[in-house]
file query.txt (compact mmCIF, N, CA and C atoms)
# COMPACT_ATOMS: atom_id res chain seq x y z
N MET B 194 0.85 -1.17 0.00
CA MET B 194 0.00 0.00 0.00
C MET B 194 0.89 1.24 0.00
N GLU B 195 0.61 2.13 -0.89
CA GLU B 195 1.43 3.32 -1.04
C GLU B 195 0.78 4.50 -0.31
N LEU B 196 1.59 5.24 0.45
CA LEU B 196 1.08 6.41 1.16
C LEU B 196 1.14 7.63 0.26
N LEU B 197 0.10 8.43 0.33
CA LEU B 197 0.07 9.65 -0.45
C LEU B 197 0.54 10.81 0.41
N GLU B 198 1.26 11.72 -0.18
CA GLU B 198 1.71 12.91 0.55
C GLU B 198 0.84 14.08 0.14
N PHE B 199 0.43 14.84 1.15
CA PHE B 199 -0.38 16.03 0.90
C PHE B 199 0.37 17.24 1.42
N ASP B 200 0.36 18.28 0.63
CA ASP B 200 0.95 19.55 1.06
C ASP B 200 -0.15 20.33 1.76
N MET B 201 0.02 20.58 3.04
CA MET B 201 -1.00 21.25 3.82
C MET B 201 -0.99 22.76 3.63
N GLY B 202 0.04 23.30 3.03
CA GLY B 202 0.08 24.74 2.83
C GLY B 202 0.61 25.46 4.05
N VAL B 203 0.62 26.75 3.96
CA VAL B 203 1.13 27.59 5.03
C VAL B 203 -0.01 27.95 5.97
N ARG B 204 0.27 27.89 7.26
CA ARG B 204 -0.76 28.23 8.24
C ARG B 204 -0.85 29.74 8.41
N GLY B 205 -2.00 30.18 8.87
CA GLY B 205 -2.19 31.60 9.15
C GLY B 205 -2.67 32.36 7.93
N PRO B 206 -2.84 33.67 8.09
CA PRO B 206 -3.31 34.46 6.96
C PRO B 206 -2.26 34.54 5.87
N LYS B 207 -2.74 34.67 4.63
CA LYS B 207 -1.79 34.75 3.54
C LYS B 207 -1.03 36.06 3.63
N PRO B 208 0.27 36.04 3.30
CA PRO B 208 1.07 37.27 3.41
C PRO B 208 0.61 38.31 2.39
N LYS B 209 0.74 39.57 2.79
CA LYS B 209 0.34 40.67 1.93
C LYS B 209 1.53 41.18 1.13
N SER B 210 1.26 41.63 -0.07
CA SER B 210 2.31 42.22 -0.89
C SER B 210 2.62 43.62 -0.39
N ALA B 211 3.74 44.15 -0.82
CA ALA B 211 4.13 45.50 -0.43
C ALA B 211 3.10 46.51 -0.90
N GLN B 212 2.53 46.30 -2.09
CA GLN B 212 1.53 47.22 -2.61
C GLN B 212 0.29 47.23 -1.73
N LEU B 213 -0.17 46.05 -1.31
CA LEU B 213 -1.35 45.97 -0.47
C LEU B 213 -1.09 46.58 0.90
N ILE B 214 0.11 46.42 1.43
CA ILE B 214 0.45 47.04 2.70
C ILE B 214 0.44 48.56 2.56
N ASN B 215 0.91 49.06 1.41
CA ASN B 215 0.88 50.51 1.19
C ASN B 215 -0.54 51.03 1.11
N ILE B 216 -1.45 50.27 0.52
CA ILE B 216 -2.83 50.71 0.39
C ILE B 216 -3.55 50.62 1.73
N GLN B 217 -3.42 49.48 2.42
CA GLN B 217 -4.16 49.26 3.65
C GLN B 217 -3.47 49.83 4.87
N GLY B 218 -2.20 50.13 4.76
CA GLY B 218 -1.47 50.62 5.92
C GLY B 218 -0.80 49.46 6.65
N ASN B 219 0.17 49.78 7.45
CA ASN B 219 0.94 48.80 8.19
C ASN B 219 0.63 48.99 9.67
N ALA B 220 -0.32 48.24 10.18
CA ALA B 220 -0.80 48.43 11.54
C ALA B 220 0.30 48.20 12.59
N HIS B 221 1.20 47.28 12.33
CA HIS B 221 2.23 46.95 13.31
C HIS B 221 3.54 47.69 13.07
N GLN B 222 3.58 48.48 12.03
CA GLN B 222 4.76 49.28 11.69
C GLN B 222 6.02 48.44 11.52
N HIS B 223 5.86 47.21 11.00
CA HIS B 223 7.03 46.39 10.70
C HIS B 223 7.75 46.98 9.51
N LYS B 224 9.05 46.88 9.53
CA LYS B 224 9.82 47.36 8.39
C LYS B 224 9.65 46.39 7.24
N PRO B 225 9.57 46.90 6.02
CA PRO B 225 9.46 45.99 4.89
C PRO B 225 10.75 45.18 4.72
N LYS B 226 10.62 44.03 4.12
CA LYS B 226 11.78 43.18 3.89
C LYS B 226 12.73 43.88 2.93
N ASP B 227 14.02 43.72 3.18
CA ASP B 227 15.02 44.37 2.34
C ASP B 227 15.00 43.83 0.91
N ASP B 228 14.72 42.53 0.79
CA ASP B 228 14.75 41.94 -0.55
C ASP B 228 13.45 42.15 -1.31
N GLU B 229 12.47 42.78 -0.68
CA GLU B 229 11.18 42.99 -1.32
C GLU B 229 11.24 44.26 -2.16
N GLU B 230 10.96 44.11 -3.42
CA GLU B 230 10.99 45.25 -4.32
C GLU B 230 9.70 46.05 -4.16
N LYS B 231 9.83 47.33 -3.95
CA LYS B 231 8.67 48.18 -3.80
C LYS B 231 8.24 48.69 -5.17
N VAL B 232 6.95 48.62 -5.40
CA VAL B 232 6.40 49.09 -6.66
C VAL B 232 5.45 50.24 -6.35
N ASP B 233 5.69 51.38 -6.95
CA ASP B 233 4.81 52.51 -6.78
C ASP B 233 3.93 52.62 -8.02
N TRP B 234 2.66 52.29 -7.85
CA TRP B 234 1.71 52.38 -8.94
C TRP B 234 1.08 53.76 -8.90
N GLU B 235 0.85 54.31 -10.04
CA GLU B 235 0.21 55.62 -10.13
C GLU B 235 -1.31 55.43 -10.01
N PRO B 236 -1.93 56.08 -9.03
CA PRO B 236 -3.38 55.91 -8.87
C PRO B 236 -4.15 56.59 -10.01
N ILE B 237 -5.30 56.03 -10.32
CA ILE B 237 -6.17 56.57 -11.36
C ILE B 237 -7.41 57.13 -10.68
N SER B 238 -7.78 58.34 -11.02
CA SER B 238 -9.00 58.90 -10.45
C SER B 238 -10.14 58.92 -11.47
N GLU B 239 -9.81 58.68 -12.74
CA GLU B 239 -10.81 58.68 -13.79
C GLU B 239 -11.27 57.24 -14.05
N CYS B 240 -12.57 57.01 -13.98
CA CYS B 240 -13.10 55.66 -14.14
C CYS B 240 -13.07 55.24 -15.61
N PRO B 241 -12.44 54.11 -15.93
CA PRO B 241 -12.43 53.63 -17.32
C PRO B 241 -13.78 53.02 -17.68
N PRO B 242 -14.04 52.80 -18.96
CA PRO B 242 -15.28 52.14 -19.34
C PRO B 242 -15.29 50.69 -18.85
N PRO B 243 -16.46 50.10 -18.71
CA PRO B 243 -16.51 48.71 -18.24
C PRO B 243 -15.85 47.76 -19.24
N PRO B 244 -15.25 46.68 -18.75
CA PRO B 244 -14.63 45.70 -19.66
C PRO B 244 -15.68 45.08 -20.58
N LYS B 245 -15.29 44.77 -21.79
CA LYS B 245 -16.22 44.19 -22.77
C LYS B 245 -16.54 42.74 -22.44
N TRP B 246 -15.70 42.11 -21.61
CA TRP B 246 -15.86 40.69 -21.33
C TRP B 246 -16.77 40.41 -20.13
N LEU B 247 -17.41 41.42 -19.55
CA LEU B 247 -18.33 41.16 -18.44
C LEU B 247 -19.44 40.24 -18.93
N PRO B 248 -19.82 39.21 -18.12
CA PRO B 248 -20.69 38.15 -18.64
C PRO B 248 -22.15 38.51 -18.85
N ASN B 249 -22.70 39.50 -18.14
CA ASN B 249 -24.13 39.78 -18.29
C ASN B 249 -24.46 41.19 -17.79
N ALA B 250 -25.75 41.52 -17.85
CA ALA B 250 -26.20 42.87 -17.48
C ALA B 250 -26.03 43.12 -15.97
N TYR B 251 -26.14 42.07 -15.16
CA TYR B 251 -25.95 42.24 -13.72
C TYR B 251 -24.51 42.68 -13.42
N ALA B 252 -23.57 42.10 -14.12
CA ALA B 252 -22.16 42.46 -13.93
C ALA B 252 -21.91 43.89 -14.40
N LEU B 253 -22.52 44.26 -15.51
CA LEU B 253 -22.37 45.62 -16.03
C LEU B 253 -22.97 46.63 -15.06
N ASP B 254 -24.14 46.32 -14.50
CA ASP B 254 -24.75 47.21 -13.50
C ASP B 254 -23.85 47.34 -12.27
N SER B 255 -23.25 46.23 -11.87
CA SER B 255 -22.36 46.25 -10.72
C SER B 255 -21.15 47.14 -10.99
N TRP B 256 -20.57 47.02 -12.19
CA TRP B 256 -19.43 47.88 -12.55
C TRP B 256 -19.84 49.35 -12.52
N ASN B 257 -20.99 49.67 -13.12
CA ASN B 257 -21.44 51.05 -13.19
C ASN B 257 -21.76 51.63 -11.81
N LYS B 258 -22.08 50.78 -10.87
CA LYS B 258 -22.38 51.24 -9.51
C LYS B 258 -21.11 51.37 -8.67
N ILE B 259 -20.22 50.40 -8.76
CA ILE B 259 -19.05 50.35 -7.87
C ILE B 259 -17.85 51.13 -8.42
N ALA B 260 -17.53 50.93 -9.68
CA ALA B 260 -16.29 51.46 -10.25
C ALA B 260 -16.13 52.98 -10.10
N PRO B 261 -17.15 53.80 -10.41
CA PRO B 261 -16.94 55.25 -10.26
C PRO B 261 -16.58 55.66 -8.84
N GLN B 262 -17.19 55.00 -7.86
CA GLN B 262 -16.89 55.33 -6.46
C GLN B 262 -15.47 54.93 -6.08
N VAL B 263 -15.06 53.75 -6.53
CA VAL B 263 -13.73 53.25 -6.17
C VAL B 263 -12.64 54.08 -6.85
N PHE B 264 -12.82 54.38 -8.12
CA PHE B 264 -11.81 55.17 -8.82
C PHE B 264 -11.75 56.60 -8.31
N ALA B 265 -12.88 57.16 -7.88
CA ALA B 265 -12.89 58.52 -7.34
C ALA B 265 -12.09 58.63 -6.05
N LYS B 266 -11.97 57.54 -5.31
CA LYS B 266 -11.22 57.54 -4.05
C LYS B 266 -9.72 57.36 -4.25
N CYS B 267 -9.28 57.23 -5.50
CA CYS B 267 -7.85 57.05 -5.84
C CYS B 267 -7.25 55.83 -5.16
N VAL B 268 -7.99 54.72 -5.16
CA VAL B 268 -7.44 53.48 -4.62
C VAL B 268 -7.17 52.46 -5.73
N MET B 269 -7.41 52.83 -6.99
CA MET B 269 -7.24 51.90 -8.09
C MET B 269 -6.10 52.35 -8.99
N THR B 270 -5.49 51.36 -9.63
CA THR B 270 -4.45 51.62 -10.61
C THR B 270 -4.79 50.84 -11.88
N ASP B 271 -4.00 51.05 -12.94
CA ASP B 271 -4.20 50.27 -14.16
C ASP B 271 -3.99 48.78 -13.89
N ALA B 272 -3.12 48.49 -12.95
CA ALA B 272 -2.75 47.10 -12.67
C ALA B 272 -3.88 46.31 -12.03
N ASN B 273 -4.77 46.95 -11.28
CA ASN B 273 -5.80 46.17 -10.60
C ASN B 273 -7.21 46.49 -11.07
N ALA B 274 -7.36 47.22 -12.15
CA ALA B 274 -8.69 47.53 -12.68
C ALA B 274 -9.38 46.27 -13.19
N ASP B 275 -8.63 45.35 -13.79
CA ASP B 275 -9.24 44.12 -14.28
C ASP B 275 -9.75 43.25 -13.14
N ALA B 276 -9.08 43.30 -11.99
CA ALA B 276 -9.54 42.52 -10.84
C ALA B 276 -10.92 43.02 -10.38
N LEU B 277 -11.15 44.32 -10.49
CA LEU B 277 -12.47 44.86 -10.17
C LEU B 277 -13.50 44.34 -11.17
N GLY B 278 -13.09 44.19 -12.43
CA GLY B 278 -13.98 43.60 -13.43
C GLY B 278 -14.31 42.15 -13.11
N VAL B 279 -13.33 41.41 -12.61
CA VAL B 279 -13.57 40.02 -12.21
C VAL B 279 -14.55 39.97 -11.05
N LEU B 280 -14.41 40.89 -10.11
CA LEU B 280 -15.35 40.98 -8.98
C LEU B 280 -16.76 41.22 -9.48
N CYS B 281 -16.93 42.16 -10.39
CA CYS B 281 -18.25 42.45 -10.95
C CYS B 281 -18.78 41.26 -11.75
N GLY B 282 -17.89 40.57 -12.46
CA GLY B 282 -18.30 39.38 -13.20
C GLY B 282 -18.80 38.27 -12.28
N CYS B 283 -18.12 38.08 -11.17
CA CYS B 283 -18.56 37.08 -10.18
C CYS B 283 -19.94 37.45 -9.64
N PHE B 284 -20.12 38.73 -9.32
CA PHE B 284 -21.42 39.17 -8.83
C PHE B 284 -22.50 38.92 -9.89
N GLY B 285 -22.18 39.21 -11.15
CA GLY B 285 -23.14 39.00 -12.22
C GLY B 285 -23.56 37.56 -12.37
N ARG B 286 -22.61 36.64 -12.23
CA ARG B 286 -22.95 35.21 -12.33
C ARG B 286 -23.81 34.76 -11.15
N ILE B 287 -23.50 35.28 -9.95
CA ILE B 287 -24.29 34.93 -8.76
C ILE B 287 -25.71 35.48 -8.90
N ALA B 288 -25.82 36.75 -9.29
CA ALA B 288 -27.15 37.37 -9.43
C ALA B 288 -27.97 36.69 -10.51
N GLU B 289 -27.34 36.30 -11.62
CA GLU B 289 -28.06 35.62 -12.69
C GLU B 289 -28.59 34.26 -12.23
N ALA B 290 -27.79 33.53 -11.46
CA ALA B 290 -28.24 32.24 -10.95
C ALA B 290 -29.44 32.41 -10.03
N PHE B 291 -29.37 33.40 -9.14
CA PHE B 291 -30.50 33.65 -8.24
C PHE B 291 -31.74 34.08 -9.02
N ALA B 292 -31.57 34.89 -10.05
CA ALA B 292 -32.71 35.35 -10.85
C ALA B 292 -33.39 34.19 -11.58
N GLN B 293 -32.61 33.17 -11.92
CA GLN B 293 -33.17 32.00 -12.60
C GLN B 293 -33.69 30.96 -11.62
N GLY B 294 -33.59 31.23 -10.33
CA GLY B 294 -34.05 30.29 -9.32
C GLY B 294 -33.09 29.16 -9.06
N LEU B 295 -31.83 29.33 -9.45
CA LEU B 295 -30.81 28.30 -9.27
C LEU B 295 -29.90 28.66 -8.10
N THR B 296 -29.14 27.69 -7.66
CA THR B 296 -28.13 27.93 -6.64
C THR B 296 -26.82 28.27 -7.35
N PRO B 297 -26.20 29.39 -6.98
CA PRO B 297 -24.94 29.76 -7.64
C PRO B 297 -23.83 28.75 -7.35
N ASN B 298 -22.87 28.70 -8.24
CA ASN B 298 -21.71 27.84 -8.08
C ASN B 298 -20.92 28.28 -6.85
N ILE B 299 -20.58 27.34 -5.99
CA ILE B 299 -19.89 27.65 -4.74
C ILE B 299 -18.50 28.23 -4.99
N GLN B 300 -17.85 27.83 -6.09
CA GLN B 300 -16.52 28.36 -6.40
C GLN B 300 -16.60 29.83 -6.79
N VAL B 301 -17.66 30.22 -7.48
CA VAL B 301 -17.84 31.62 -7.84
C VAL B 301 -18.12 32.44 -6.59
N ILE B 302 -18.92 31.89 -5.68
CA ILE B 302 -19.21 32.58 -4.42
C ILE B 302 -17.92 32.75 -3.61
N ALA B 303 -17.10 31.71 -3.56
CA ALA B 303 -15.84 31.79 -2.81
C ALA B 303 -14.91 32.84 -3.42
N GLN B 304 -14.83 32.88 -4.74
CA GLN B 304 -13.99 33.88 -5.40
C GLN B 304 -14.53 35.28 -5.14
N TYR B 305 -15.84 35.43 -5.18
CA TYR B 305 -16.47 36.73 -4.91
C TYR B 305 -16.16 37.20 -3.49
N ARG B 306 -16.31 36.29 -2.53
CA ARG B 306 -16.03 36.65 -1.13
C ARG B 306 -14.57 37.04 -0.94
N SER B 307 -13.67 36.34 -1.60
CA SER B 307 -12.25 36.67 -1.50
C SER B 307 -11.97 38.05 -2.09
N LEU B 308 -12.58 38.34 -3.23
CA LEU B 308 -12.35 39.63 -3.88
C LEU B 308 -12.94 40.80 -3.10
N ILE B 309 -14.14 40.61 -2.53
CA ILE B 309 -14.70 41.74 -1.77
C ILE B 309 -13.88 42.01 -0.53
N ASN B 310 -13.27 40.97 0.03
CA ASN B 310 -12.36 41.20 1.16
C ASN B 310 -11.08 41.90 0.71
N ASP B 311 -10.54 41.49 -0.43
CA ASP B 311 -9.32 42.11 -0.94
C ASP B 311 -9.52 43.58 -1.28
N PHE B 312 -10.69 43.91 -1.80
CA PHE B 312 -10.98 45.29 -2.17
C PHE B 312 -11.48 46.13 -0.99
N GLY B 313 -11.77 45.50 0.14
CA GLY B 313 -12.23 46.25 1.29
C GLY B 313 -13.70 46.63 1.22
N PHE B 314 -14.52 45.76 0.64
CA PHE B 314 -15.94 46.06 0.47
C PHE B 314 -16.81 45.47 1.58
N THR B 315 -16.22 44.83 2.57
CA THR B 315 -17.00 44.32 3.69
C THR B 315 -16.88 45.29 4.85
N PRO B 316 -17.83 45.28 5.78
CA PRO B 316 -17.74 46.20 6.92
C PRO B 316 -16.46 46.05 7.73
N THR B 317 -15.93 44.85 7.84
CA THR B 317 -14.72 44.67 8.64
C THR B 317 -13.46 45.10 7.91
N THR B 318 -13.48 45.15 6.58
CA THR B 318 -12.28 45.53 5.84
C THR B 318 -12.32 46.95 5.29
N GLN B 319 -13.44 47.65 5.43
CA GLN B 319 -13.55 49.00 4.88
C GLN B 319 -12.57 49.97 5.53
N GLY B 320 -12.34 49.84 6.83
CA GLY B 320 -11.45 50.75 7.52
C GLY B 320 -9.98 50.54 7.19
N LYS B 321 -9.65 49.43 6.55
CA LYS B 321 -8.25 49.13 6.24
C LYS B 321 -7.79 49.73 4.92
N VAL B 322 -8.71 50.19 4.09
CA VAL B 322 -8.35 50.69 2.78
C VAL B 322 -8.03 52.18 2.87
N ARG B 323 -6.89 52.55 2.33
CA ARG B 323 -6.46 53.94 2.29
C ARG B 323 -6.14 54.32 0.86
N ALA B 324 -6.36 55.56 0.53
CA ALA B 324 -6.10 56.03 -0.83
C ALA B 324 -4.60 56.05 -1.10
N LEU B 325 -4.24 55.77 -2.33
CA LEU B 325 -2.85 55.88 -2.75
C LEU B 325 -2.49 57.36 -2.83
N LYS B 326 -1.29 57.67 -2.45
CA LYS B 326 -0.84 59.06 -2.54
C LYS B 326 -0.28 59.29 -3.92
N LYS B 327 -0.69 60.39 -4.51
CA LYS B 327 -0.13 60.74 -5.81
C LYS B 327 1.30 61.18 -5.60
N THR B 328 2.18 60.60 -6.37
CA THR B 328 3.60 60.89 -6.20
C THR B 328 3.92 62.27 -6.76
N GLU B 329 4.59 63.05 -5.96
CA GLU B 329 4.98 64.39 -6.35
C GLU B 329 6.50 64.41 -6.47
N VAL B 330 6.99 64.82 -7.61
CA VAL B 330 8.43 64.87 -7.82
C VAL B 330 8.95 66.14 -7.17
N ARG B 331 9.82 65.98 -6.19
CA ARG B 331 10.38 67.13 -5.47
C ARG B 331 11.90 67.08 -5.55
N ASN B 332 12.47 68.24 -5.55
CA ASN B 332 13.92 68.36 -5.54
C ASN B 332 14.37 68.36 -4.08
N PRO B 333 15.11 67.34 -3.63
CA PRO B 333 15.50 67.28 -2.22
C PRO B 333 16.50 68.39 -1.84
N PHE B 334 17.11 69.01 -2.82
CA PHE B 334 18.11 70.04 -2.53
C PHE B 334 17.53 71.45 -2.65
N LEU B 335 16.22 71.57 -2.80
CA LEU B 335 15.59 72.85 -2.99
C LEU B 335 15.80 73.80 -1.80
N GLN B 336 15.80 73.27 -0.59
CA GLN B 336 15.92 74.10 0.62
C GLN B 336 17.34 74.24 1.11
N ASN B 337 18.33 73.71 0.38
CA ASN B 337 19.73 73.83 0.84
C ASN B 337 20.15 75.29 0.94
N GLY B 338 20.76 75.63 2.06
CA GLY B 338 21.27 76.97 2.26
C GLY B 338 20.21 77.96 2.69
N ARG B 339 18.97 77.54 2.84
CA ARG B 339 17.90 78.43 3.27
C ARG B 339 17.42 78.02 4.64
N ARG B 340 17.06 78.97 5.42
CA ARG B 340 16.49 78.70 6.74
C ARG B 340 14.97 78.56 6.62
N ALA B 341 14.45 77.78 7.53
CA ALA B 341 13.00 77.61 7.54
C ALA B 341 12.33 78.91 7.96
N ALA B 342 11.30 79.30 7.28
CA ALA B 342 10.62 80.58 7.59
C ALA B 342 9.71 80.46 8.76

call {"tool": "encode", "arguments": {"input": "query.txt", "output": "structure tokens"}}
result
Amino acid sequence: MELLEFDMGVRGPKPKSAQLINIQGNAHQHKPKDDEEKVDWEPISECPPPPKWLPNAYALDSWNKIAPQVFAKCVMTDANADALGVLCGCFGRIAEAFAQGLTPNIQVIAQYRSLINDFGFTPTTQGKVRALKKTEVRNPFLQNGRRAA
């Protein structure tokens, strides 16, 4: 009889990326890892049009309701706009199943729950989301030789 090996995975919450820590804040004020490359994404305040690949009208309605609010808060970048589309697509599939009197696919519900937590759309995660700061190019030597007024 052959024994099967299973990888149990890592215990505890999944680690956050440097970008997510920058958005949500660092509650414990731990220093970032030296080997971790920091990526500064430029925030977008203008809402793009909805993706063409959204599966149905429920998903499109969800995008039109959520996206303008999220982009206006400067918490979105070009890099994560598609993830918001996936969130709206998951909602559209769930809403369509309910409208047809069916039970939605549990995997779609799980993905939806994960995404709403990642985006901070639940009451417990809303306080963790902070707007990205627009990067301002400054000359560090501008005040050299001058006294503070």

call {"tool": "residues_around", "arguments": {"input": "query.txt", "residues": "B:Pro297", "least_positions_apart": "5", "cutoff": "8 Å", "atoms": "only C-alpha atoms", "output": "list in words"}}
result
Arg286, Ile287, Ala290, Phe291 and Ile302 of chain B

call {"tool": "atom_distance", "arguments": {"input": "query.txt", "atom1": "atom CA of B:Lys207", "atom2": "atom CA of B:Gly313"}}
result
15.7 Å

call {"tool": "atom_distance", "arguments": {"input": "query.txt", "atom1": "atom C of B:Lys245", "atom2": "atom N of B:Asp271"}}
result
17.8 Å

call {"tool": "closest_residue", "arguments": {"input": "query.txt", "among": "B:Ala272, B:Ala252, B:Ile299, B:Ile259", "to": "B:Asp233", "atoms": "only C-alpha atoms"}}
result
B:Ala272

call {"tool": "closest_residue", "arguments": {"input": "query.txt", "among": "B:Pro316, B:Ala265, B:Thr270, B:Trp246", "to": "B:Gly282", "atoms": "only N, CA and C atoms"}}
result
B:Trp246

call {"tool": "select_by_dssp", "arguments": {"input": "query.txt", "residues": "stretch 251-318 of chain B", "states": "helix (DSSP H, G or I)", "output": "number ranges by chain"}}
result
B: 251-265, 271-292, 299-312

call {"tool": "closest_residue", "arguments": {"input": "query.txt", "among": "B:Val268, B:Ile237, B:Leu253, B:Val263", "to": "B:Cys281", "atoms": "all atoms listed in the file"}}
result
B:Leu253

call {"tool": "atom_distance", "arguments": {"input": "query.txt", "atom1": "atom CA of B:Pro248", "atom2": "atom CA of B:Ala288"}}
result
11.3 Å

call {"tool": "closest_residue", "arguments": {"input": "query.txt", "among": "B:Gln319, B:Trp256, B:Gly294, B:Ala303", "to": "B:Pro242", "atoms": "only N, CA and C atoms"}}
result
B:Trp256

call {"tool": "closest_residue", "arguments": {"input": "query.txt", "among": "B:Ser238, B:Ala292, B:Val279, B:Thr318", "to": "B:Lys266", "atoms": "only C-alpha atoms"}}
result
B:Ser238

call {"tool": "closest_residue", "arguments": {"input": "query.txt", "among": "B:Glu239, B:Asn257, B:Cys267, B:Phe284", "to": "B:Val301", "atoms": "only N, CA and C atoms"}}
result
B:Phe284
